[in-house]
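Here is the file start04.cif (mmCIF, C-alpha atoms).
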```cif
data_work
loop_
_atom_site.group_PDB
_atom_site.id
_atom_site.type_symbol
_atom_site.label_atom_id
_atom_site.label_comp_id
_atom_site.auth_asym_id
_atom_site.auth_seq_id
_atom_site.Cartn_x
_atom_site.Cartn_y
_atom_site.Cartn_z
ATOM 1 C CA MET Q 1 -120.405 -11.307 -16.460
ATOM 2 C CA ARG Q 2 -120.032 -7.591 -16.978
ATOM 3 C CA LEU Q 3 -120.579 -5.883 -20.315
ATOM 4 C CA ARG Q 4 -116.832 -5.421 -20.758
ATOM 5 C CA HIS Q 5 -116.348 -9.145 -20.193
ATOM 6 C CA ILE Q 6 -118.905 -9.851 -22.906
ATOM 7 C CA GLU Q 7 -117.218 -7.467 -25.356
ATOM 8 C CA VAL Q 8 -113.837 -9.140 -24.837
ATOM 9 C CA PHE Q 9 -115.355 -12.628 -25.065
ATOM 10 C CA GLN Q 10 -117.064 -11.844 -28.366
ATOM 11 C CA ALA Q 11 -113.973 -10.150 -29.789
ATOM 12 C CA ILE Q 12 -111.861 -13.220 -29.014
ATOM 13 C CA ARG Q 13 -114.467 -15.530 -30.507
ATOM 14 C CA GLN Q 14 -114.564 -13.373 -33.627
ATOM 15 C CA SER Q 15 -110.805 -12.986 -34.080
ATOM 16 C CA GLY Q 16 -109.556 -16.233 -32.529
ATOM 17 C CA SER Q 17 -106.802 -14.580 -30.510
ATOM 18 C CA VAL Q 18 -106.063 -12.023 -27.801
ATOM 19 C CA SER Q 19 -104.084 -9.871 -30.232
ATOM 20 C CA GLY Q 20 -106.934 -9.917 -32.745
ATOM 21 C CA ALA Q 21 -109.436 -9.007 -30.024
ATOM 22 C CA ALA Q 22 -107.208 -6.108 -28.946
ATOM 23 C CA GLN Q 23 -107.226 -4.775 -32.512
ATOM 24 C CA LEU Q 24 -111.001 -5.073 -32.781
ATOM 25 C CA LEU Q 25 -111.514 -3.259 -29.478
ATOM 26 C CA HIS Q 26 -108.698 -0.710 -30.062
ATOM 27 C CA VAL Q 27 -106.992 -1.544 -26.781
ATOM 28 C CA SER Q 28 -103.724 -3.209 -25.768
ATOM 29 C CA GLN Q 29 -103.218 -6.972 -25.538
ATOM 30 C CA PRO Q 30 -102.495 -6.813 -21.783
ATOM 31 C CA ALA Q 31 -105.829 -4.999 -21.286
ATOM 32 C CA VAL Q 32 -107.702 -7.802 -23.083
ATOM 33 C CA THR Q 33 -105.829 -10.468 -21.097
ATOM 34 C CA LYS Q 34 -106.627 -8.709 -17.821
ATOM 35 C CA VAL Q 35 -110.365 -8.480 -18.602
ATOM 36 C CA LEU Q 36 -110.458 -12.128 -19.708
ATOM 37 C CA GLN Q 37 -108.714 -13.283 -16.538
ATOM 38 C CA HIS Q 38 -111.106 -11.229 -14.407
ATOM 39 C CA ALA Q 39 -114.123 -12.743 -16.197
ATOM 40 C CA GLU Q 40 -112.831 -16.284 -15.703
ATOM 41 C CA GLN Q 41 -112.055 -15.559 -12.047
ATOM 42 C CA GLN Q 42 -115.609 -14.352 -11.425
ATOM 43 C CA LEU Q 43 -117.164 -17.267 -13.335
ATOM 44 C CA GLY Q 44 -114.979 -19.897 -11.696
ATOM 45 C CA PHE Q 45 -114.101 -21.701 -14.936
ATOM 46 C CA PRO Q 46 -111.978 -20.979 -18.038
ATOM 47 C CA LEU Q 47 -113.581 -19.550 -21.166
ATOM 48 C CA PHE Q 48 -110.744 -20.445 -23.553
ATOM 49 C CA LEU Q 49 -108.023 -23.046 -23.787
ATOM 50 C CA ARG Q 50 -104.936 -22.731 -25.941
ATOM 51 C CA VAL Q 51 -104.940 -25.574 -28.482
ATOM 52 C CA ARG Q 52 -102.071 -25.757 -30.986
ATOM 53 C CA GLY Q 53 -101.359 -22.066 -30.522
ATOM 54 C CA LYS Q 54 -104.981 -20.937 -30.900
ATOM 55 C CA LEU Q 55 -107.649 -20.045 -28.376
ATOM 56 C CA GLN Q 56 -110.505 -22.523 -28.354
ATOM 57 C CA ALA Q 57 -113.740 -21.915 -26.466
ATOM 58 C CA THR Q 58 -114.494 -24.314 -23.640
ATOM 59 C CA PRO Q 59 -117.837 -26.202 -23.551
ATOM 60 C CA GLU Q 60 -118.976 -23.841 -20.773
ATOM 61 C CA ALA Q 61 -118.149 -20.829 -22.942
ATOM 62 C CA ILE Q 62 -120.163 -22.241 -25.836
ATOM 63 C CA GLU Q 63 -123.157 -22.689 -23.517
ATOM 64 C CA LEU Q 64 -122.785 -19.078 -22.342
ATOM 65 C CA GLU Q 65 -122.473 -17.823 -25.907
ATOM 66 C CA ARG Q 66 -126.134 -18.565 -26.637
ATOM 67 C CA GLU Q 67 -127.274 -16.214 -23.864
ATOM 68 C CA ILE Q 68 -124.529 -13.676 -24.631
ATOM 69 C CA ALA Q 69 -125.906 -13.382 -28.164
ATOM 70 C CA LYS Q 70 -129.286 -12.328 -26.735
ATOM 71 C CA VAL Q 71 -127.634 -9.692 -24.529
ATOM 72 C CA SER Q 72 -125.630 -8.414 -27.490
ATOM 73 C CA GLU Q 73 -128.763 -8.088 -29.612
ATOM 74 C CA SER Q 74 -130.466 -6.100 -26.847
ATOM 75 C CA LEU Q 75 -127.429 -3.831 -26.577
ATOM 76 C CA GLN Q 76 -127.548 -3.191 -30.310
ATOM 77 C CA SER Q 77 -131.193 -2.136 -29.952
ATOM 78 C CA VAL Q 78 -130.259 0.230 -27.125
ATOM 79 C CA ARG Q 79 -127.491 1.759 -29.245
ATOM 80 C CA ARG Q 80 -129.848 2.191 -32.216
ATOM 81 C CA LEU Q 81 -132.421 3.873 -30.003
ATOM 82 C CA ALA Q 82 -129.793 6.172 -28.472
ATOM 83 C CA GLN Q 83 -128.555 7.185 -31.922
ATOM 84 C CA ASN Q 84 -132.078 7.961 -33.092
ATOM 85 C CA LEU Q 85 -132.765 9.996 -29.951
ATOM 86 C CA ARG Q 86 -129.572 11.981 -30.589
ATOM 87 C CA ARG Q 87 -130.448 12.655 -34.184
ATOM 88 C CA ASN Q 88 -132.450 15.771 -34.858
ATOM 89 C CA PRO Q 89 -134.822 14.876 -37.666
ATOM 90 C CA GLY Q 90 -135.849 18.527 -38.032
ATOM 91 C CA ARG Q 91 -138.897 18.754 -40.240
ATOM 92 C CA MET Q 92 -138.386 15.286 -41.721
ATOM 93 C CA LEU Q 93 -141.472 13.093 -41.350
ATOM 94 C CA ARG Q 94 -140.629 9.393 -41.464
ATOM 95 C CA VAL Q 95 -143.498 7.309 -42.857
ATOM 96 C CA GLY Q 96 -143.511 3.535 -43.122
ATOM 97 C CA ALA Q 97 -146.156 1.419 -44.828
ATOM 98 C CA THR Q 98 -146.678 -2.122 -45.989
ATOM 99 C CA PRO Q 99 -145.731 -2.465 -49.692
ATOM 100 C CA ALA Q 100 -149.301 -2.525 -50.994
ATOM 101 C CA LEU Q 101 -150.293 0.638 -49.145
ATOM 102 C CA ALA Q 102 -147.087 2.466 -50.006
ATOM 103 C CA LEU Q 103 -147.613 1.891 -53.715
ATOM 104 C CA SER Q 104 -151.356 2.476 -53.905
ATOM 105 C CA LEU Q 105 -151.950 5.300 -51.403
ATOM 106 C CA LEU Q 106 -148.872 7.403 -50.780
ATOM 107 C CA PRO Q 107 -147.646 8.546 -54.213
ATOM 108 C CA GLN Q 108 -150.854 10.369 -55.127
ATOM 109 C CA LEU Q 109 -151.253 12.273 -51.879
ATOM 110 C CA MET Q 110 -147.640 13.231 -51.138
ATOM 111 C CA THR Q 111 -147.795 16.076 -53.664
ATOM 112 C CA SER Q 112 -150.779 17.561 -51.836
ATOM 113 C CA TRP Q 113 -149.015 17.243 -48.483
ATOM 114 C CA LEU Q 114 -145.802 18.837 -49.771
ATOM 115 C CA THR Q 115 -147.791 21.676 -51.342
ATOM 116 C CA ARG Q 116 -149.435 22.356 -47.979
ATOM 117 C CA TYR Q 117 -146.111 22.174 -46.103
ATOM 118 C CA PRO Q 118 -143.448 23.388 -48.546
ATOM 119 C CA GLN Q 119 -140.789 23.655 -45.814
ATOM 120 C CA SER Q 120 -141.276 20.054 -44.759
ATOM 121 C CA SER Q 121 -139.796 16.857 -46.135
ATOM 122 C CA CYS Q 122 -140.704 13.200 -45.858
ATOM 123 C CA GLU Q 123 -138.893 9.874 -45.870
ATOM 124 C CA LEU Q 124 -140.967 6.946 -47.142
ATOM 125 C CA SER Q 125 -140.111 3.297 -46.558
ATOM 126 C CA THR Q 126 -141.856 -0.058 -46.955
ATOM 127 C CA HIS Q 127 -141.913 -2.758 -44.283
ATOM 128 C CA HIS Q 128 -144.006 -5.669 -43.099
ATOM 129 C CA THR Q 129 -146.127 -4.933 -40.019
ATOM 130 C CA ARG Q 130 -143.722 -6.451 -37.487
ATOM 131 C CA GLU Q 131 -140.952 -4.244 -38.928
ATOM 132 C CA LEU Q 132 -143.200 -1.177 -38.703
ATOM 133 C CA VAL Q 133 -143.726 -1.897 -35.003
ATOM 134 C CA GLN Q 134 -139.987 -2.246 -34.423
ATOM 135 C CA GLY Q 135 -139.247 0.931 -36.382
ATOM 136 C CA LEU Q 136 -141.729 2.920 -34.317
ATOM 137 C CA LEU Q 137 -140.398 1.613 -31.012
ATOM 138 C CA MET Q 138 -136.812 2.359 -32.110
ATOM 139 C CA ARG Q 139 -137.923 5.853 -33.181
ATOM 140 C CA GLU Q 140 -136.870 5.201 -36.750
ATOM 141 C CA LEU Q 141 -140.426 5.902 -37.952
ATOM 142 C CA ASP Q 142 -143.059 8.445 -36.975
ATOM 143 C CA VAL Q 143 -146.047 6.537 -38.354
ATOM 144 C CA GLY Q 144 -146.795 3.130 -39.828
ATOM 145 C CA LEU Q 145 -149.670 2.267 -42.188
ATOM 146 C CA THR Q 146 -150.879 -1.337 -42.195
ATOM 147 C CA LEU Q 147 -153.910 -3.579 -42.617
ATOM 148 C CA LYS Q 148 -152.959 -5.570 -39.514
ATOM 149 C CA GLN Q 149 -153.761 -4.352 -36.006
ATOM 150 C CA PRO Q 150 -150.784 -5.073 -33.730
ATOM 151 C CA ASP Q 151 -151.202 -5.568 -30.012
ATOM 152 C CA HIS Q 152 -148.440 -3.567 -28.315
ATOM 153 C CA PRO Q 153 -148.830 -1.301 -25.275
ATOM 154 C CA GLY Q 154 -146.284 1.159 -26.653
ATOM 155 C CA LEU Q 155 -148.325 1.922 -29.767
ATOM 156 C CA ALA Q 156 -151.454 3.935 -30.460
ATOM 157 C CA VAL Q 157 -153.685 2.492 -33.187
ATOM 158 C CA GLN Q 158 -155.965 4.740 -35.238
ATOM 159 C CA THR Q 159 -158.542 3.439 -37.717
ATOM 160 C CA ILE Q 160 -158.105 5.389 -40.966
ATOM 161 C CA ALA Q 161 -160.542 3.623 -43.283
ATOM 162 C CA THR Q 162 -162.636 0.480 -43.521
ATOM 163 C CA GLY Q 163 -163.674 -1.499 -46.557
ATOM 164 C CA THR Q 164 -163.989 -5.016 -47.917
ATOM 165 C CA LEU Q 165 -161.770 -7.408 -49.790
ATOM 166 C CA VAL Q 166 -162.289 -7.790 -53.532
ATOM 167 C CA ALA Q 167 -161.614 -10.468 -56.136
ATOM 168 C CA LEU Q 168 -159.094 -9.514 -58.816
ATOM 169 C CA ALA Q 169 -158.965 -11.587 -62.006
ATOM 170 C CA PRO Q 170 -157.301 -11.265 -65.412
ATOM 171 C CA ALA Q 171 -159.335 -9.406 -68.022
ATOM 172 C CA GLY Q 172 -161.728 -11.811 -69.725
ATOM 173 C CA TYR Q 173 -161.768 -14.302 -66.855
ATOM 174 C CA TRP Q 174 -165.421 -13.372 -66.208
ATOM 175 C CA PRO Q 175 -167.930 -12.052 -68.755
ATOM 176 C CA GLU Q 176 -167.572 -8.312 -69.195
ATOM 177 C CA SER Q 177 -171.073 -7.830 -67.812
ATOM 178 C CA ALA Q 178 -169.958 -9.328 -64.476
ATOM 179 C CA ALA Q 179 -167.374 -6.610 -63.781
ATOM 180 C CA GLY Q 180 -168.251 -4.783 -60.561
ATOM 181 C CA THR Q 181 -171.043 -7.201 -59.613
ATOM 182 C CA PRO Q 182 -170.832 -9.131 -56.311
ATOM 183 C CA LEU Q 183 -168.976 -12.434 -56.500
ATOM 184 C CA ALA Q 184 -170.359 -15.230 -54.340
ATOM 185 C CA LEU Q 185 -167.584 -17.209 -52.686
ATOM 186 C CA GLU Q 186 -169.086 -20.388 -54.171
ATOM 187 C CA GLU Q 187 -168.064 -19.098 -57.607
ATOM 188 C CA LEU Q 188 -164.438 -19.543 -56.555
ATOM 189 C CA ALA Q 189 -164.882 -23.337 -56.428
ATOM 190 C CA ASP Q 190 -161.915 -24.982 -58.156
ATOM 191 C CA ALA Q 191 -160.667 -21.532 -59.246
ATOM 192 C CA PRO Q 192 -156.918 -21.010 -59.858
ATOM 193 C CA LEU Q 193 -155.949 -18.848 -56.896
ATOM 194 C CA VAL Q 194 -152.895 -16.699 -56.214
ATOM 195 C CA GLY Q 195 -152.599 -17.212 -52.464
ATOM 196 C CA LEU Q 196 -151.080 -14.997 -49.803
ATOM 197 C CA SER Q 197 -148.846 -15.903 -46.889
ATOM 198 C CA THR Q 198 -150.636 -17.568 -43.977
ATOM 199 C CA ASP Q 199 -149.086 -14.869 -41.738
ATOM 200 C CA ASP Q 200 -151.323 -12.312 -43.403
ATOM 201 C CA PRO Q 201 -154.407 -11.513 -41.263
ATOM 202 C CA LEU Q 202 -156.692 -11.067 -44.272
ATOM 203 C CA SER Q 203 -155.477 -14.362 -45.697
ATOM 204 C CA ALA Q 204 -156.506 -16.115 -42.476
ATOM 205 C CA LEU Q 205 -159.973 -14.525 -42.704
ATOM 206 C CA LEU Q 206 -160.334 -15.611 -46.321
ATOM 207 C CA GLU Q 207 -159.195 -19.156 -45.589
ATOM 208 C CA HIS Q 208 -161.901 -19.469 -42.930
ATOM 209 C CA HIS Q 209 -164.645 -18.487 -45.380
ATOM 210 C CA LEU Q 210 -163.308 -20.582 -48.254
ATOM 211 C CA ALA Q 211 -163.267 -23.701 -46.075
ATOM 212 C CA VAL Q 212 -166.901 -24.408 -47.045
ATOM 213 C CA VAL Q 213 -166.362 -24.013 -50.799
ATOM 214 C CA GLU Q 214 -166.385 -27.305 -52.715
ATOM 215 C CA PRO Q 215 -164.248 -28.117 -54.528
ATOM 216 C CA PRO Q 216 -161.860 -25.660 -52.871
ATOM 217 C CA PRO Q 217 -159.928 -23.116 -54.957
ATOM 218 C CA ARG Q 218 -156.556 -24.345 -56.208
ATOM 219 C CA VAL Q 219 -153.694 -22.253 -54.843
ATOM 220 C CA ARG Q 220 -151.294 -22.354 -57.769
ATOM 221 C CA ILE Q 221 -148.836 -19.747 -56.501
ATOM 222 C CA ALA Q 222 -148.331 -18.416 -52.949
ATOM 223 C CA VAL Q 223 -146.737 -14.990 -52.414
ATOM 224 C CA GLN Q 224 -145.726 -12.712 -49.534
ATOM 225 C CA THR Q 225 -147.070 -9.342 -50.738
ATOM 226 C CA TYR Q 226 -150.238 -7.975 -52.336
ATOM 227 C CA PRO Q 227 -148.401 -6.118 -55.147
ATOM 228 C CA LEU Q 228 -146.826 -9.396 -56.273
ATOM 229 C CA ALA Q 229 -150.239 -11.085 -56.190
ATOM 230 C CA ARG Q 230 -151.609 -8.269 -58.363
ATOM 231 C CA ALA Q 231 -148.720 -8.579 -60.825
ATOM 232 C CA LEU Q 232 -149.377 -12.313 -61.181
ATOM 233 C CA VAL Q 233 -153.069 -11.681 -61.833
ATOM 234 C CA GLU Q 234 -152.125 -9.122 -64.493
ATOM 235 C CA ALA Q 235 -149.950 -11.815 -66.092
ATOM 236 C CA GLY Q 236 -152.894 -14.228 -66.160
ATOM 237 C CA ALA Q 237 -151.722 -16.574 -63.372
ATOM 238 C CA GLY Q 238 -155.081 -16.746 -61.610
ATOM 239 C CA VAL Q 239 -157.498 -14.941 -59.286
ATOM 240 C CA ALA Q 240 -156.420 -13.136 -56.099
ATOM 241 C CA ILE Q 241 -158.438 -11.890 -53.141
ATOM 242 C CA VAL Q 242 -156.853 -8.583 -52.162
ATOM 243 C CA ASP Q 243 -157.580 -5.247 -50.529
ATOM 244 C CA PRO Q 244 -159.196 -2.558 -52.718
ATOM 245 C CA PHE Q 245 -156.058 -0.379 -52.673
ATOM 246 C CA THR Q 246 -154.015 -3.134 -54.296
ATOM 247 C CA ALA Q 247 -156.750 -4.029 -56.771
ATOM 248 C CA LEU Q 248 -157.201 -0.483 -58.063
ATOM 249 C CA GLY Q 249 -153.466 -0.156 -58.688
ATOM 250 C CA ALA Q 250 -153.621 -2.789 -61.438
ATOM 251 C CA GLN Q 251 -152.948 -1.923 -65.067
ATOM 252 C CA LEU Q 252 -155.989 -0.459 -66.774
ATOM 253 C CA GLY Q 253 -157.704 -3.071 -68.919
ATOM 254 C CA ALA Q 254 -155.536 -5.928 -67.628
ATOM 255 C CA THR Q 255 -157.809 -7.002 -64.771
ATOM 256 C CA MET Q 256 -161.393 -7.174 -63.534
ATOM 257 C CA ILE Q 257 -162.557 -6.329 -59.995
ATOM 258 C CA ARG Q 258 -165.578 -7.761 -58.187
ATOM 259 C CA PRO Q 259 -166.631 -7.244 -54.556
ATOM 260 C CA LEU Q 260 -167.188 -10.411 -52.554
ATOM 261 C CA GLN Q 261 -170.490 -11.718 -51.264
ATOM 262 C CA PRO Q 262 -170.599 -12.051 -48.309
ATOM 263 C CA ALA Q 263 -168.391 -9.057 -47.721
ATOM 264 C CA LEU Q 264 -165.068 -9.727 -45.969
ATOM 265 C CA PRO Q 265 -164.026 -6.637 -43.981
ATOM 266 C CA MET Q 266 -160.606 -5.004 -43.920
ATOM 267 C CA THR Q 267 -159.326 -2.008 -41.958
ATOM 268 C CA LEU Q 268 -156.533 0.448 -42.631
ATOM 269 C CA TYR Q 269 -154.657 1.402 -39.443
ATOM 270 C CA ALA Q 270 -152.174 4.157 -38.618
ATOM 271 C CA LEU Q 271 -149.677 3.251 -35.895
ATOM 272 C CA THR Q 272 -147.910 5.860 -33.786
ATOM 273 C CA ARG Q 273 -146.116 5.849 -30.450
ATOM 274 C CA ALA Q 274 -148.553 5.870 -27.548
ATOM 275 C CA ASP Q 275 -146.514 8.368 -25.511
ATOM 276 C CA GLU Q 276 -146.498 11.072 -28.212
ATOM 277 C CA THR Q 277 -149.079 13.379 -29.736
ATOM 278 C CA PRO Q 278 -148.770 13.403 -33.555
ATOM 279 C CA THR Q 279 -147.412 16.656 -34.992
ATOM 280 C CA HIS Q 280 -149.769 18.812 -37.042
ATOM 281 C CA THR Q 281 -147.900 17.821 -40.229
ATOM 282 C CA LEU Q 282 -148.420 14.132 -39.456
ATOM 283 C CA ALA Q 283 -152.078 14.710 -38.555
ATOM 284 C CA ALA Q 284 -152.556 16.477 -41.904
ATOM 285 C CA LEU Q 285 -150.937 13.584 -43.756
ATOM 286 C CA LEU Q 286 -153.234 11.083 -42.054
ATOM 287 C CA ASP Q 287 -156.245 13.211 -43.018
ATOM 288 C CA LEU Q 288 -155.122 13.017 -46.645
ATOM 289 C CA VAL Q 289 -154.614 9.247 -46.336
ATOM 290 C CA ALA Q 290 -158.143 8.869 -44.928
ATOM 291 C CA VAL Q 291 -159.685 10.855 -47.787
ATOM 292 C CA ARG Q 292 -157.771 8.979 -50.475
ATOM 293 C CA ALA Q 293 -158.432 5.598 -48.869
ATOM 294 C CA GLY Q 294 -162.146 6.357 -48.647
ATOM 295 C CA GLU Q 295 -162.252 7.258 -52.344
ATOM 296 C CA LEU Q 296 -160.549 4.013 -53.332
ATOM 297 C CA VAL Q 297 -162.805 1.888 -51.118
ATOM 298 C CA ARG Q 298 -165.926 3.417 -52.673
ATOM 299 C CA GLN Q 299 -164.502 2.980 -56.155
ATOM 300 C CA ALA Q 300 -163.769 -0.696 -55.556
ATOM 301 C CA ASP Q 301 -167.268 -1.215 -54.163
ATOM 302 C CA GLY Q 302 -168.761 0.447 -57.231
ATOM 303 C CA THR Q 303 -170.474 3.157 -55.175
#
```
As a first step, turn the structure in this file into structure tokens.
Amino acid sequence: MRLRHIEVFQAIRQSGSVSGAAQLLHVSQPAVTKVLQHAEQQLGFPLFLRVRGKLQATPEAIELEREIAKVSESLQSVRRLAQNLRRNPGRMLRVGATPALALSLLPQLMTSWLTRYPQSSCELSTHHTRELVQGLLMRELDVGLTLKQPDHPGLAVQTIATGTLVALAPAGYWPESAAGTPLALEELADAPLVGLSTDDPLSALLEHHLAVVEPPPRVRIAVQTYPLARALVEAGAGVAIVDPFTALGAQLGATMIRPLQPALPMTLYALTRADETPTHTLAALLDLVAVRAGELVRQADGT
């Protein structure tokens, strides 16, 4: 089937008639009929049968529709990419980050970046890591900040900062003297835990280490994002193991932070397209991110 055949097929499926398909495609009814007949001639079987005055897809057409949907999705990606290549973003820097990083890192340093480059502008957006990868490949983003290292040949991965996970608990959960002291994983035995999605790479690391704790922590609530985990801890729902950036964004006096023992590592990555050299404005922004991230990591570690 040719692309025009696919367009006509989908338009008929959507509208239920040749006249409706012609309106959707902004062409005449005879033109739609001609393309449909040509498609059926090439395939060697009918795609539609007229049943009680309406066009009904044949079983063969329904089988084809599953594969046609994949082709259509790929075409949409091509169109999106073409539109983004046509657009001239000018001095606009498009930055994407996972929700936790966007909230804890970017607000404080954007003022410094804008002061350094007063003629520049920036568009900030939050996405999960898989969406950051897609946005970069579709040229909808210039950089993505994440705690997960993706494996894609089209992306360059730069380590911005390294640190360790920390335990975040409601104020008063531990004695005040324990604040900032290392927390042995064994102390989480039977603790009420705010858990993170199993898709999260740091969650998988934590689960491996907690497997030896007896009795195991009780996951009372499971969430998809670190900021939501932090909000639940602030509300007294339990303890969460999070990155230091998330932990330090908690309300002052509402929580307590303790580094873990043994330390569980985490890394902040910047993702860019492998076939491009970052602009000097982007390189400057990443320098600011590295400085700010380093400060927060040291603060969470109590150093």
- Message: Under the rule that all atoms listed in the file are counted, which of Q:Thr98, Q:Thr246, Q:Gln251, Q:Thr159 is the nearest residue to Ala171 (chain Q)?
- Response: Q:Gln251
- Message: For the PyMOL selection byres ((chain Q and resi 60) around 10), applied here, can you spell out every residue it catches as number ranges by chain?
- Response: Q: 45-48, 57-59, 61-65
- Task: Skip region 226-238 of chain Q itself and residues of its chain fewer than 4 positions away, then list as a PyMOL selection string all residues within 6 Å of it, counting all atoms listed in the file.
- Result: chain Q and resi 100+169-170+192-194+254
- Message: My list of candidates is Q:Arg13, Q:Arg258, Q:Arg66, Q:Arg298. Which is closest to Leu49 (chain Q) when distances are computed with only C-alpha atoms?
- Response: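 Distance minimum relative to Leu49 (chain Q) lands on Q:Arg13.
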- Near Tyr269 (chain Q), within 12 Å and counting all atoms listed in the file, which residues show up once chain neighbours fewer than 6 positions away are dropped, as a list in words? Gly96, Ala97, Thr98, Leu101, Thr129, Leu132, Val143, Gly144, Leu145, Thr146, Leu147, Lys148, Gln149, Pro150, Leu155, Ala156, Val157, Gln158, Thr159, Ile160, Ala161, Thr162, Gly163, Leu286, Val289, Ala290 and Ala293 of chain Q
- Take the point (-158.5, -22.0, -53.1) as written in the file and pick out every residue within 8 Å of it, counting only C-alpha atoms; give the list as a ChimeraX atom specification. /Q:188-193,195,210,216-219
- Message: Please report the interatomic distance between CA of Pro244 (chain Q) and CA of Ala211 (chain Q) in Å with one decimal.
- Response: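 Those two atoms sit 22.5 Å apart.
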I need the output of the PyMOL selection byres ((chain Q and resi 11) around 10) for this file as a PDB file with C-alpha atoms, in the frame of the given file; which residues are they?
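In the end it all went to selection.pdb:
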```
ATOM      1  CA  HIS Q   5    -116.348  -9.145 -20.193  1.00  0.00           C
ATOM      2  CA  ILE Q   6    -118.905  -9.851 -22.906  1.00  0.00           C
ATOM      3  CA  GLU Q   7    -117.218  -7.467 -25.356  1.00  0.00           C
ATOM      4  CA  VAL Q   8    -113.837  -9.140 -24.837  1.00  0.00           C
ATOM      5  CA  PHE Q   9    -115.355 -12.628 -25.065  1.00  0.00           C
ATOM      6  CA  GLN Q  10    -117.064 -11.844 -28.366  1.00  0.00           C
ATOM      7  CA  ILE Q  12    -111.861 -13.220 -29.014  1.00  0.00           C
ATOM      8  CA  ARG Q  13    -114.467 -15.530 -30.507  1.00  0.00           C
ATOM      9  CA  GLN Q  14    -114.564 -13.373 -33.627  1.00  0.00           C
ATOM     10  CA  SER Q  15    -110.805 -12.986 -34.080  1.00  0.00           C
ATOM     11  CA  GLY Q  16    -109.556 -16.233 -32.529  1.00  0.00           C
ATOM     12  CA  SER Q  17    -106.802 -14.580 -30.510  1.00  0.00           C
ATOM     13  CA  VAL Q  18    -106.063 -12.023 -27.801  1.00  0.00           C
ATOM     14  CA  SER Q  19    -104.084  -9.871 -30.232  1.00  0.00           C
ATOM     15  CA  GLY Q  20    -106.934  -9.917 -32.745  1.00  0.00           C
ATOM     16  CA  ALA Q  21    -109.436  -9.007 -30.024  1.00  0.00           C
ATOM     17  CA  ALA Q  22    -107.208  -6.108 -28.946  1.00  0.00           C
ATOM     18  CA  GLN Q  23    -107.226  -4.775 -32.512  1.00  0.00           C
ATOM     19  CA  LEU Q  24    -111.001  -5.073 -32.781  1.00  0.00           C
ATOM     20  CA  LEU Q  25    -111.514  -3.259 -29.478  1.00  0.00           C
ATOM     21  CA  VAL Q  32    -107.702  -7.802 -23.083  1.00  0.00           C
TER      22      VAL Q  32
END
```
Report the residues retrieved by the PyMOL selection byres ((chain Q and resi 110) around 12) from the displayed file, expressed as a PDB file with C-alpha atoms, keeping the file's coordinate frame.
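The resulting file, selection_17.pdb, is reproduced below:
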```pdb
ATOM      1  CA  LEU Q  93    -141.472  13.093 -41.350  1.00  0.00           C
ATOM      2  CA  VAL Q  95    -143.498   7.309 -42.857  1.00  0.00           C
ATOM      3  CA  ALA Q 102    -147.087   2.466 -50.006  1.00  0.00           C
ATOM      4  CA  LEU Q 103    -147.613   1.891 -53.715  1.00  0.00           C
ATOM      5  CA  SER Q 104    -151.356   2.476 -53.905  1.00  0.00           C
ATOM      6  CA  LEU Q 105    -151.950   5.300 -51.403  1.00  0.00           C
ATOM      7  CA  LEU Q 106    -148.872   7.403 -50.780  1.00  0.00           C
ATOM      8  CA  PRO Q 107    -147.646   8.546 -54.213  1.00  0.00           C
ATOM      9  CA  GLN Q 108    -150.854  10.369 -55.127  1.00  0.00           C
ATOM     10  CA  LEU Q 109    -151.253  12.273 -51.879  1.00  0.00           C
ATOM     11  CA  THR Q 111    -147.795  16.076 -53.664  1.00  0.00           C
ATOM     12  CA  SER Q 112    -150.779  17.561 -51.836  1.00  0.00           C
ATOM     13  CA  TRP Q 113    -149.015  17.243 -48.483  1.00  0.00           C
ATOM     14  CA  LEU Q 114    -145.802  18.837 -49.771  1.00  0.00           C
ATOM     15  CA  THR Q 115    -147.791  21.676 -51.342  1.00  0.00           C
ATOM     16  CA  ARG Q 116    -149.435  22.356 -47.979  1.00  0.00           C
ATOM     17  CA  TYR Q 117    -146.111  22.174 -46.103  1.00  0.00           C
ATOM     18  CA  PRO Q 118    -143.448  23.388 -48.546  1.00  0.00           C
ATOM     19  CA  SER Q 120    -141.276  20.054 -44.759  1.00  0.00           C
ATOM     20  CA  SER Q 121    -139.796  16.857 -46.135  1.00  0.00           C
ATOM     21  CA  CYS Q 122    -140.704  13.200 -45.858  1.00  0.00           C
ATOM     22  CA  GLU Q 123    -138.893   9.874 -45.870  1.00  0.00           C
ATOM     23  CA  LEU Q 124    -140.967   6.946 -47.142  1.00  0.00           C
ATOM     24  CA  THR Q 281    -147.900  17.821 -40.229  1.00  0.00           C
ATOM     25  CA  LEU Q 282    -148.420  14.132 -39.456  1.00  0.00           C
ATOM     26  CA  ALA Q 284    -152.556  16.477 -41.904  1.00  0.00           C
ATOM     27  CA  LEU Q 285    -150.937  13.584 -43.756  1.00  0.00           C
ATOM     28  CA  LEU Q 286    -153.234  11.083 -42.054  1.00  0.00           C
ATOM     29  CA  ASP Q 287    -156.245  13.211 -43.018  1.00  0.00           C
ATOM     30  CA  LEU Q 288    -155.122  13.017 -46.645  1.00  0.00           C
ATOM     31  CA  VAL Q 289    -154.614   9.247 -46.336  1.00  0.00           C
ATOM     32  CA  ARG Q 292    -157.771   8.979 -50.475  1.00  0.00           C
TER      33      ARG Q 292
END
```
- Quick one, how far is CA of Glu276 (chain Q) from CA of Leu136 (chain Q)?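 According to the coordinates, CA of Glu276 (chain Q) and CA of Leu136 (chain Q) are separated by 11.2 Å.
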- When you draw a straight line from CA of Ala184 (chain Q) to CA of Val239 (chain Q), how long is it in Å? 13.8 Å
- Neighbour list for Pro153 (chain Q) as a list in words, cut-off 10 Å, all atoms listed in the file, skip fewer than 5 positions in-chain: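 Result of the neighbour search: Arg273, Ala274 and Asp275 of chain Q.
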